[in-house]
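So this block is input.pdb, PDB, C-alpha atoms and all ligand atoms:
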ATOM      1  CA  MET A   1       0.000   0.000   0.000
ATOM      2  CA  LEU A   2       3.064   2.297  -0.121
ATOM      3  CA  ARG A   3       2.757   5.162  -2.576
ATOM      4  CA  ASP A   4       5.542   6.945  -4.321
ATOM      5  CA  PRO A   5       5.981  10.271  -2.482
ATOM      6  CA  GLY A   6       5.930  12.556  -5.511
ATOM      7  CA  PRO A   7       6.731  16.253  -5.310
ATOM      8  CA  ASP A   8       3.123  17.114  -4.451
ATOM      9  CA  LEU A   9       2.714  14.550  -1.726
ATOM     10  CA  HIS A  10       2.331  17.112   1.029
ATOM     11  CA  ALA A  11       0.417  19.747  -0.965
ATOM     12  CA  LEU A  12      -2.863  18.207   0.018
ATOM     13  CA  LYS A  13      -6.078  19.113  -1.788
ATOM     14  CA  LEU A  14      -9.249  18.059  -0.011
ATOM     15  CA  SER A  15     -12.750  17.964  -1.441
ATOM     16  CA  ARG A  16     -15.468  15.536  -0.323
ATOM     17  CA  SER A  17     -12.633  13.821   1.463
ATOM     18  CA  LEU A  18     -12.426  11.180   4.154
ATOM     19  CA  ILE A  19      -9.729  11.509   6.797
ATOM     20  CA  VAL A  20      -9.421   8.377   8.910
ATOM     21  CA  ALA A  21      -8.313   8.888  12.519
ATOM     22  CA  LEU A  22      -5.744   6.232  13.424
ATOM     23  CA  ASP A  23      -6.419   6.449  17.150
ATOM     24  CA  THR A  24      -4.328   3.442  18.153
ATOM     25  CA  PRO A  25      -1.698   2.888  20.867
ATOM     26  CA  SER A  26       1.041   1.584  18.549
ATOM     27  CA  LEU A  27       2.435   2.103  15.074
ATOM     28  CA  ALA A  28       1.915  -1.591  14.343
ATOM     29  CA  GLU A  29      -1.820  -1.231  14.942
ATOM     30  CA  ALA A  30      -1.916   2.068  13.044
ATOM     31  CA  ASN A  31      -0.166   0.465  10.069
ATOM     32  CA  ALA A  32      -2.608  -2.427  10.099
ATOM     33  CA  LEU A  33      -5.586  -0.059  10.123
ATOM     34  CA  ALA A  34      -3.991   2.241   7.526
ATOM     35  CA  SER A  35      -3.430  -0.621   5.106
ATOM     36  CA  ARG A  36      -7.120  -1.562   5.373
ATOM     37  CA  VAL A  37      -8.460   1.930   4.785
ATOM     38  CA  ALA A  38      -5.799   3.386   2.466
ATOM     39  CA  ASP A  39      -7.895   2.994  -0.686
ATOM     40  CA  SER A  40     -10.757   5.046   0.769
ATOM     41  CA  ALA A  41      -8.841   7.498   2.951
ATOM     42  CA  ASP A  42      -7.692  10.797   1.447
ATOM     43  CA  ALA A  43      -5.535  11.374   4.528
ATOM     44  CA  LEU A  44      -4.637   9.627   7.766
ATOM     45  CA  LYS A  45      -4.951  11.405  11.090
ATOM     46  CA  ILE A  46      -2.369  10.827  13.792
ATOM     47  CA  GLY A  47      -3.575  12.021  17.180
ATOM     48  CA  LEU A  48      -2.091  12.347  20.616
ATOM     49  CA  GLU A  49      -2.285   8.679  21.554
ATOM     50  CA  LEU A  50      -0.223   7.436  18.622
ATOM     51  CA  PHE A  51       2.148  10.399  18.586
ATOM     52  CA  VAL A  52       2.913  10.082  22.300
ATOM     53  CA  ALA A  53       3.555   6.356  21.831
ATOM     54  CA  GLU A  54       5.596   6.438  18.632
ATOM     55  CA  GLY A  55       6.623  10.043  17.942
ATOM     56  CA  GLY A  56       7.976  11.173  14.595
ATOM     57  CA  ASP A  57       8.351   7.613  13.302
ATOM     58  CA  ALA A  58       4.580   7.376  13.068
ATOM     59  CA  VAL A  59       4.431  10.489  10.882
ATOM     60  CA  ARG A  60       7.349   9.486   8.654
ATOM     61  CA  THR A  61       6.006   5.959   8.179
ATOM     62  CA  LEU A  62       2.340   6.780   7.578
ATOM     63  CA  ALA A  63       3.132   9.715   5.281
ATOM     64  CA  ARG A  64       4.406   7.084   2.850
ATOM     65  CA  VAL A  65       0.922   5.538   2.790
ATOM     66  CA  ARG A  66      -1.297   8.626   2.596
ATOM     67  CA  PRO A  67      -0.853  12.317   3.518
ATOM     68  CA  VAL A  68      -0.754  12.784   7.287
ATOM     69  CA  PHE A  69      -2.961  15.083   9.325
ATOM     70  CA  LEU A  70      -1.069  15.487  12.599
ATOM     71  CA  ASP A  71      -3.655  16.372  15.214
ATOM     72  CA  LEU A  72      -1.582  17.633  18.119
ATOM     73  CA  LYS A  73      -3.867  20.598  18.891
ATOM     74  CA  LEU A  74      -0.924  22.744  19.945
ATOM     75  CA  HIS A  75      -1.663  25.502  22.444
ATOM     76  CA  ASP A  76       1.432  27.146  23.947
ATOM     77  CA  ILE A  77       3.425  30.368  23.813
ATOM     78  CA  PRO A  78       4.195  31.560  20.260
ATOM     79  CA  GLU A  79       7.914  30.720  20.372
ATOM     80  CA  THR A  80       7.286  27.149  21.516
ATOM     81  CA  VAL A  81       4.640  26.546  18.869
ATOM     82  CA  ASP A  82       6.797  28.140  16.152
ATOM     83  CA  ARG A  83       9.652  25.749  16.943
ATOM     84  CA  ALA A  84       7.352  22.727  17.131
ATOM     85  CA  VAL A  85       5.850  23.606  13.734
ATOM     86  CA  ALA A  86       9.344  23.557  12.213
ATOM     87  CA  ARG A  87       9.903  20.037  13.549
ATOM     88  CA  VAL A  88       6.495  18.845  12.306
ATOM     89  CA  ALA A  89       7.280  20.246   8.846
ATOM     90  CA  ALA A  90      10.505  18.252   8.810
ATOM     91  CA  LEU A  91       8.570  15.064   9.594
ATOM     92  CA  GLY A  92       6.540  15.418   6.404
ATOM     93  CA  ALA A  93       3.052  15.994   7.822
ATOM     94  CA  SER A  94       0.578  17.752   5.522
ATOM     95  CA  LEU A  95      -1.740  19.259   8.132
ATOM     96  CA  LEU A  96      -1.131  20.252  11.773
ATOM     97  CA  THR A  97      -3.754  21.410  14.252
ATOM     98  CA  VAL A  98      -3.315  24.243  16.732
ATOM     99  CA  HIS A  99      -5.999  25.572  19.077
ATOM    100  CA  ALA A 100      -7.389  28.871  17.792
ATOM    101  CA  SER A 101      -7.807  29.826  21.446
ATOM    102  CA  GLY A 102      -3.995  30.024  21.648
ATOM    103  CA  GLY A 103      -4.481  33.563  20.360
ATOM    104  CA  PRO A 104      -3.418  35.728  17.415
ATOM    105  CA  ALA A 105       0.329  35.805  18.051
ATOM    106  CA  MET A 106       0.555  32.035  18.393
ATOM    107  CA  LEU A 107      -1.503  31.514  15.245
ATOM    108  CA  GLU A 108       0.522  34.033  13.245
ATOM    109  CA  ARG A 109       3.797  32.430  14.223
ATOM    110  CA  ALA A 110       2.500  28.941  13.442
ATOM    111  CA  ALA A 111       1.208  29.922   9.992
ATOM    112  CA  ALA A 112       4.331  31.922   9.149
ATOM    113  CA  ARG A 113       6.635  29.093  10.236
ATOM    114  CA  ALA A 114       4.733  26.519   8.177
ATOM    115  CA  GLU A 115       4.983  28.744   5.122
ATOM    116  CA  LYS A 116       8.663  29.466   5.689
ATOM    117  CA  GLU A 117       9.548  25.782   5.983
ATOM    118  CA  ALA A 118       7.946  25.303   2.516
ATOM    119  CA  THR A 119       7.252  21.573   2.870
ATOM    120  CA  GLY A 120       3.541  21.957   2.066
ATOM    121  CA  LEU A 121       2.559  21.783   5.739
ATOM    122  CA  ARG A 122      -0.690  23.646   6.413
ATOM    123  CA  ILE A 123      -1.801  24.903   9.821
ATOM    124  CA  VAL A 124      -5.363  24.022  10.815
ATOM    125  CA  ALA A 125      -7.050  25.996  13.587
ATOM    126  CA  VAL A 126      -9.327  24.056  15.933
ATOM    127  CA  THR A 127     -12.297  26.213  16.882
ATOM    128  CA  VAL A 128     -14.612  24.724  19.553
ATOM    129  CA  LEU A 129     -14.106  21.001  20.223
ATOM    130  CA  THR A 130     -16.984  18.862  19.009
ATOM    131  CA  SER A 131     -17.177  17.259  22.457
ATOM    132  CA  LEU A 132     -18.182  20.569  24.087
ATOM    133  CA  ASP A 133     -21.744  21.776  24.477
ATOM    134  CA  ARG A 134     -23.492  24.798  25.941
ATOM    135  CA  ALA A 135     -23.084  23.590  29.532
ATOM    136  CA  ASP A 136     -19.337  23.106  28.986
ATOM    137  CA  LEU A 137     -18.970  26.652  27.620
ATOM    138  CA  ASP A 138     -20.844  27.966  30.677
ATOM    139  CA  ALA A 139     -18.456  26.053  32.927
ATOM    140  CA  MET A 140     -15.524  27.596  31.026
ATOM    141  CA  GLY A 141     -16.915  31.117  31.426
ATOM    142  CA  VAL A 142     -17.737  31.554  27.725
ATOM    143  CA  ALA A 143     -20.997  33.509  27.436
ATOM    144  CA  ARG A 144     -21.181  33.522  23.626
ATOM    145  CA  SER A 145     -23.233  30.887  21.828
ATOM    146  CA  LEU A 146     -21.345  27.906  20.398
ATOM    147  CA  GLU A 147     -21.764  29.316  16.913
ATOM    148  CA  GLU A 148     -20.661  32.813  17.890
ATOM    149  CA  GLN A 149     -17.614  31.431  19.686
ATOM    150  CA  THR A 150     -16.714  29.232  16.696
ATOM    151  CA  LEU A 151     -17.050  32.158  14.281
ATOM    152  CA  ALA A 152     -15.069  34.518  16.500
ATOM    153  CA  LEU A 153     -12.200  32.024  16.839
ATOM    154  CA  ALA A 154     -12.191  31.268  13.106
ATOM    155  CA  LYS A 155     -12.162  34.949  12.129
ATOM    156  CA  MET A 156      -9.306  35.601  14.517
ATOM    157  CA  ALA A 157      -7.359  32.667  13.080
ATOM    158  CA  ARG A 158      -7.977  33.808   9.529
ATOM    159  CA  ALA A 159      -6.778  37.314  10.346
ATOM    160  CA  ALA A 160      -3.609  35.669  11.691
ATOM    161  CA  GLY A 161      -2.990  33.934   8.342
ATOM    162  CA  VAL A 162      -4.621  30.534   8.920
ATOM    163  CA  SER A 163      -6.846  29.245   6.114
ATOM    164  CA  ALA A 164      -7.879  25.794   7.367
ATOM    165  CA  PHE A 165     -10.234  25.063  10.238
ATOM    166  CA  VAL A 166     -11.640  22.222  12.302
ATOM    167  CA  CYS A 167     -15.244  22.722  13.325
ATOM    168  CA  SER A 168     -18.352  20.759  14.201
ATOM    169  CA  PRO A 169     -20.727  19.772  11.375
ATOM    170  CA  ARG A 170     -23.302  21.972  13.099
ATOM    171  CA  GLU A 171     -21.241  25.115  12.539
ATOM    172  CA  VAL A 172     -19.812  24.378   9.118
ATOM    173  CA  ARG A 173     -22.524  26.201   7.183
ATOM    174  CA  ALA A 174     -22.095  29.425   9.135
ATOM    175  CA  LEU A 175     -18.301  29.199   8.865
ATOM    176  CA  ARG A 176     -18.436  28.637   5.110
ATOM    177  CA  GLU A 177     -20.609  31.738   4.733
ATOM    178  CA  VAL A 178     -18.229  33.877   6.715
ATOM    179  CA  LEU A 179     -14.913  32.462   5.469
ATOM    180  CA  GLY A 180     -15.804  31.904   1.818
ATOM    181  CA  ALA A 181     -14.951  29.177  -0.670
ATOM    182  CA  ASP A 182     -11.190  29.300  -0.133
ATOM    183  CA  ALA A 183     -11.253  28.146   3.481
ATOM    184  CA  LEU A 184     -10.521  24.469   4.104
ATOM    185  CA  LEU A 185     -13.169  23.165   6.524
ATOM    186  CA  ILE A 186     -12.646  19.841   8.267
ATOM    187  CA  THR A 187     -15.305  18.321  10.488
ATOM    188  CA  PRO A 188     -14.705  15.558  13.026
ATOM    189  CA  GLY A 189     -17.504  14.310  15.228
ATOM    190  CA  VAL A 190     -19.433  12.787  12.328
ATOM    191  CA  ARG A 191     -21.380   9.563  12.704
ATOM    192  CA  PRO A 192     -23.075   7.412  10.056
ATOM    193  CA  ALA A 193     -26.829   7.452  10.792
ATOM    194  CA  GLY A 194     -27.814   5.369  13.809
ATOM    195  CA  GLU A 195     -24.296   4.953  15.265
ATOM    196  CA  ASN A 196     -23.090   5.447  18.818
ATOM    197  CA  LEU A 197     -22.059   9.073  19.470
ATOM    198  CA  GLY A 198     -19.477   8.222  22.161
ATOM    199  CA  ASP A 199     -18.335  11.513  23.710
ATOM    200  CA  GLN A 200     -19.221  13.582  20.636
ATOM    201  CA  LYS A 201     -22.094  15.985  21.208
ATOM    202  CA  ARG A 202     -22.389  18.275  18.161
ATOM    203  CA  THR A 203     -22.572  15.678  15.411
ATOM    204  CA  ASP A 204     -24.073  15.022  11.963
ATOM    205  CA  THR A 205     -23.732  12.295   9.339
ATOM    206  CA  PRO A 206     -20.658  12.434   7.036
ATOM    207  CA  GLU A 207     -22.814  13.271   4.007
ATOM    208  CA  GLY A 208     -24.670  15.906   6.040
ATOM    209  CA  ALA A 209     -21.369  17.589   6.941
ATOM    210  CA  ILE A 210     -20.280  17.662   3.283
ATOM    211  CA  ALA A 211     -23.691  18.960   2.170
ATOM    212  CA  ALA A 212     -23.372  21.739   4.747
ATOM    213  CA  GLY A 213     -20.066  22.818   3.188
ATOM    214  CA  ALA A 214     -17.278  20.736   4.737
ATOM    215  CA  ASP A 215     -14.302  19.789   2.526
ATOM    216  CA  ALA A 216     -13.411  16.758   4.601
ATOM    217  CA  VAL A 217     -14.757  14.663   7.448
ATOM    218  CA  VAL A 218     -12.674  12.950  10.116
ATOM    219  CA  VAL A 219     -13.895   9.536  11.209
ATOM    220  CA  GLY A 220     -12.320   7.459  13.956
ATOM    221  CA  ARG A 221     -14.271   4.972  16.037
ATOM    222  CA  PRO A 222     -16.959   4.134  13.417
ATOM    223  CA  ILE A 223     -14.098   2.710  11.291
ATOM    224  CA  ARG A 224     -11.571   1.569  13.910
ATOM    225  CA  ASP A 225     -14.029  -0.283  16.127
ATOM    226  CA  VAL A 226     -15.996  -2.349  13.611
ATOM    227  CA  ALA A 227     -15.350  -5.890  12.381
ATOM    228  CA  ASP A 228     -14.572  -4.718   8.838
ATOM    229  CA  PRO A 229     -12.859  -1.289   8.846
ATOM    230  CA  ARG A 230     -12.161  -1.503   5.107
ATOM    231  CA  ALA A 231     -15.857  -1.869   4.269
ATOM    232  CA  ALA A 232     -16.842   0.865   6.747
ATOM    233  CA  ALA A 233     -14.324   3.298   5.214
ATOM    234  CA  GLU A 234     -15.504   2.427   1.689
ATOM    235  CA  ARG A 235     -19.140   2.996   2.665
ATOM    236  CA  ILE A 236     -18.409   6.359   4.231
ATOM    237  CA  LYS A 237     -16.173   7.492   1.370
ATOM    238  CA  SER A 238     -18.808   6.598  -1.241
ATOM    239  CA  SER A 239     -21.495   8.430   0.773
ATOM    240  CA  LEU A 240     -19.498  11.649   0.314
ATOM    241  CA  SER A 241     -19.598  11.795  -3.488
TER     242      SER A 241
HETATM  243  O1  LIG A 301     -13.788   8.415  17.047
HETATM  244  P1  LIG A 301     -14.233   9.719  16.458
HETATM  245  O2  LIG A 301     -14.796   9.608  15.053
HETATM  246  O3  LIG A 301     -15.106  10.517  17.400
HETATM  247  O4  LIG A 301     -12.841  10.503  16.297
HETATM  248  C1  LIG A 301     -12.770  11.860  16.027
HETATM  249  C2  LIG A 301     -11.336  12.240  15.967
HETATM  250  O5  LIG A 301     -11.281  13.630  15.662
HETATM  251  C3  LIG A 301     -10.563  12.038  17.254
HETATM  252  O6  LIG A 301      -9.250  11.641  16.886
HETATM  253  C4  LIG A 301     -10.550  13.400  17.909
HETATM  254  O7  LIG A 301      -9.368  13.643  18.631
HETATM  255  C5  LIG A 301     -10.610  14.339  16.689
HETATM  256  N1  LIG A 301     -11.191  15.642  16.908
HETATM  257  C6  LIG A 301     -12.451  15.849  17.407
HETATM  258  N2  LIG A 301     -12.927  17.129  17.606
HETATM  259  C7  LIG A 301     -12.181  18.176  17.287
HETATM  260  C8  LIG A 301     -10.896  17.974  16.742
HETATM  261  C9  LIG A 301     -10.436  16.689  16.542
HETATM  262  O8  LIG A 301     -13.167  14.896  17.681
HETATM  263  N3  LIG A 301     -12.661  19.410  17.437
END
Take the structure in the file and write it out as structure tokens.
Ligand code: C5P
Amino acid sequence: MLRDPGPDLHALKLSRSLIVALDTPSLAEANALASRVADSADALKIGLELFVAEGGDAVRTLARVRPVFLDLKLHDIPETVDRAVARVAALGASLLTVHASGGPAMLERAAARAEKEATGLRIVAVTVLTSLDRADLDAMGVARSLEEQTLALAKMARAAGVSAFVCSPREVRALREVLGADALLITPGVRPAGENLGDQKRTDTPEGAIAAGADAVVVGRPIRDVADPRAAAERIKSSLS
């Protein structure tokens, strides 16, 4: 399932795309899952679990299968994030998440560093996590509505030079209206109709997210945790077109 990493490998274009979250504790398990879903996945997402366990090897190895979306959700002082972005670029990831709530200076430095490294790495700003609801925002002292908070964070990130965003399927329509056609919108927290939501609260179906204006959906457990991940990924991918 290895692909030849051509010159455009990391310049990832997403449209009606499926990103499969390889939320596994080891590279061996991630490789096994990746080889099953590679034909349907437009990109592979490496999250905290796998990155903490296997580090840069996971990125280098999986980037030879499909483009890698490294979901580290960085949120630190600008200098620290800037330096981490340089290291992620060197690993060959195509997308890297940072929390928009890290603020304008952090976002600016992250976007500028990714551009300067010129490996095709694109910074993706996470707006409001799809696991949070109104009660969570109240507990965090955020008075704005979920949609207002998502839009405010996205506008701030765009002003700082970020053009890709993670948001809930519920907010994708409003974000698309505000950010326009050029923004790359990625929605996790999607569930095929009738499936267990787990800890996700603001969800929709994959096809619903795309119809609302998302460029790509991220799917983890509905593929990882079923008897036939290959068939599940194929079903979801074909529902997007
Ligand atoms: O298993 P499930 O399909 O819920 O996986 C969703 C994936 O997307 C997880 O890896 C999670 O970390 C990630 N994610 C999310 N919400 C965000 C950003 C990323 O669920 N706002």
Using all atoms listed in the file, find each protein or nucleic acid residue lying at most 6 Å from ligand LIG 301 (chain A); present the set as a ChimeraX atom specification. /A:21,23,47,126,129-130,166-167,188-189,218-221
Dump as an mmCIF file, in the frame of the given file, selection limited to C-alpha atoms:
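Result written to out_29.cif:
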data_model
loop_
_atom_site.group_PDB
_atom_site.id
_atom_site.type_symbol
_atom_site.label_atom_id
_atom_site.label_comp_id
_atom_site.auth_asym_id
_atom_site.auth_seq_id
_atom_site.Cartn_x
_atom_site.Cartn_y
_atom_site.Cartn_z
ATOM 1 C CA ALA A 21 -8.313 8.888 12.519
ATOM 2 C CA ASP A 23 -6.419 6.449 17.150
ATOM 3 C CA GLY A 47 -3.575 12.021 17.180
ATOM 4 C CA VAL A 126 -9.327 24.056 15.933
ATOM 5 C CA LEU A 129 -14.106 21.001 20.223
ATOM 6 C CA THR A 130 -16.984 18.862 19.009
ATOM 7 C CA VAL A 166 -11.640 22.222 12.302
ATOM 8 C CA CYS A 167 -15.244 22.722 13.325
ATOM 9 C CA PRO A 188 -14.705 15.558 13.026
ATOM 10 C CA GLY A 189 -17.504 14.310 15.228
ATOM 11 C CA VAL A 218 -12.674 12.950 10.116
ATOM 12 C CA VAL A 219 -13.895 9.536 11.209
ATOM 13 C CA GLY A 220 -12.320 7.459 13.956
ATOM 14 C CA ARG A 221 -14.271 4.972 16.037
#
Can you tell me which residues surround segment 133-135 of chain A at a distance of at most 12 Å, considering all atoms listed in the file, apart from same-chain residues fewer than 4 positions away, and format the answer as a VMD selection string? chain A and resid 128 to 129 139 to 150 168 170 199 to 203
Using only C-alpha atoms, determine which residues lie at most 7 Å from segment 98-108 of chain A, disregarding the query and same-chain residues fewer than 4 positions distant; provide the list as a VMD selection string. chain A and resid 72 to 78 81 112 124 to 127 153 156 to 157 160 to 161
Once the PyMOL selection byres (((chain A and resi 29) around 12) and not hetatm) has been evaluated on this model, what residues remain selected, and can you format them as an MDAnalysis selection string? chainID A and resid 22:28 30:36 49:50 53:54 58 62 224
Between A:Leu240, A:Leu137, A:Ala164, A:Leu132, which is the closest to Leu96 of chain A once you count all atoms listed in the file?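 Going through A:Leu240, A:Leu137, A:Ala164, A:Leu132 one by one, the smallest distance to Leu96 of chain A is for A:Ala164.
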When you draw a straight line from atom CA of Gly56 of chain A to atom CA of Ala86 of chain A, how long is it in Å?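 A separation of 12.7 Å between them.
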Using only C-alpha atoms, the residue out of A:Asp71, A:Asp228, A:Asp136, A:Asp57 with shortest distance to Ile19 of chain A is A:Asp71
Chain and number of each residue from the PyMOL selection byres (((chain A and resi 238) around 12) and not hetatm), as a PyMOL selection string: chain A and resi 16-18+39-41+206-207+231-237+239-241
Which is closer to Val37 of chain A than all the others in A:Arg191, A:Arg230, A:Lys116, A:Lys155, using all atoms listed in the file?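 So, comparing all the options, the nearest one is A:Arg230.
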Would you compute the distance between atom CA of Arg173 of chain A and atom CA of Ala110 of chain A? Give it in Å to one decimal.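 Atom CA of Ala110 of chain A lies at a distance of 25.9 Å from atom CA of Arg173 of chain A.
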Atomic distance atom CA of Gly213 of chain A - atom CA of Glu171 of chain A, expressed in Å with one decimal: 9.7 Å
On this structure, which residues satisfy the PyMOL selection byres (((chain A and resi 90) around 10) and not hetatm), written as a list in words?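 Selected by the PyMOL selection byres (((chain A and resi 90) around 10) and not hetatm) here: Gly56, Arg60, Ala84, Val85, Ala86, Arg87, Val88, Ala89, Leu91, Gly92, Ala93, Glu117, Ala118, Thr119 and Leu121 of chain A.
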Please determine, counting all atoms listed in the file, which residue among A:Ala154, A:Leu197, A:Val52, A:Ala212 has the shortest atom-to-atom distance to Val172 of chain A.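 Counting all atoms listed in the file, the residue closest to Val172 of chain A is A:Ala212.
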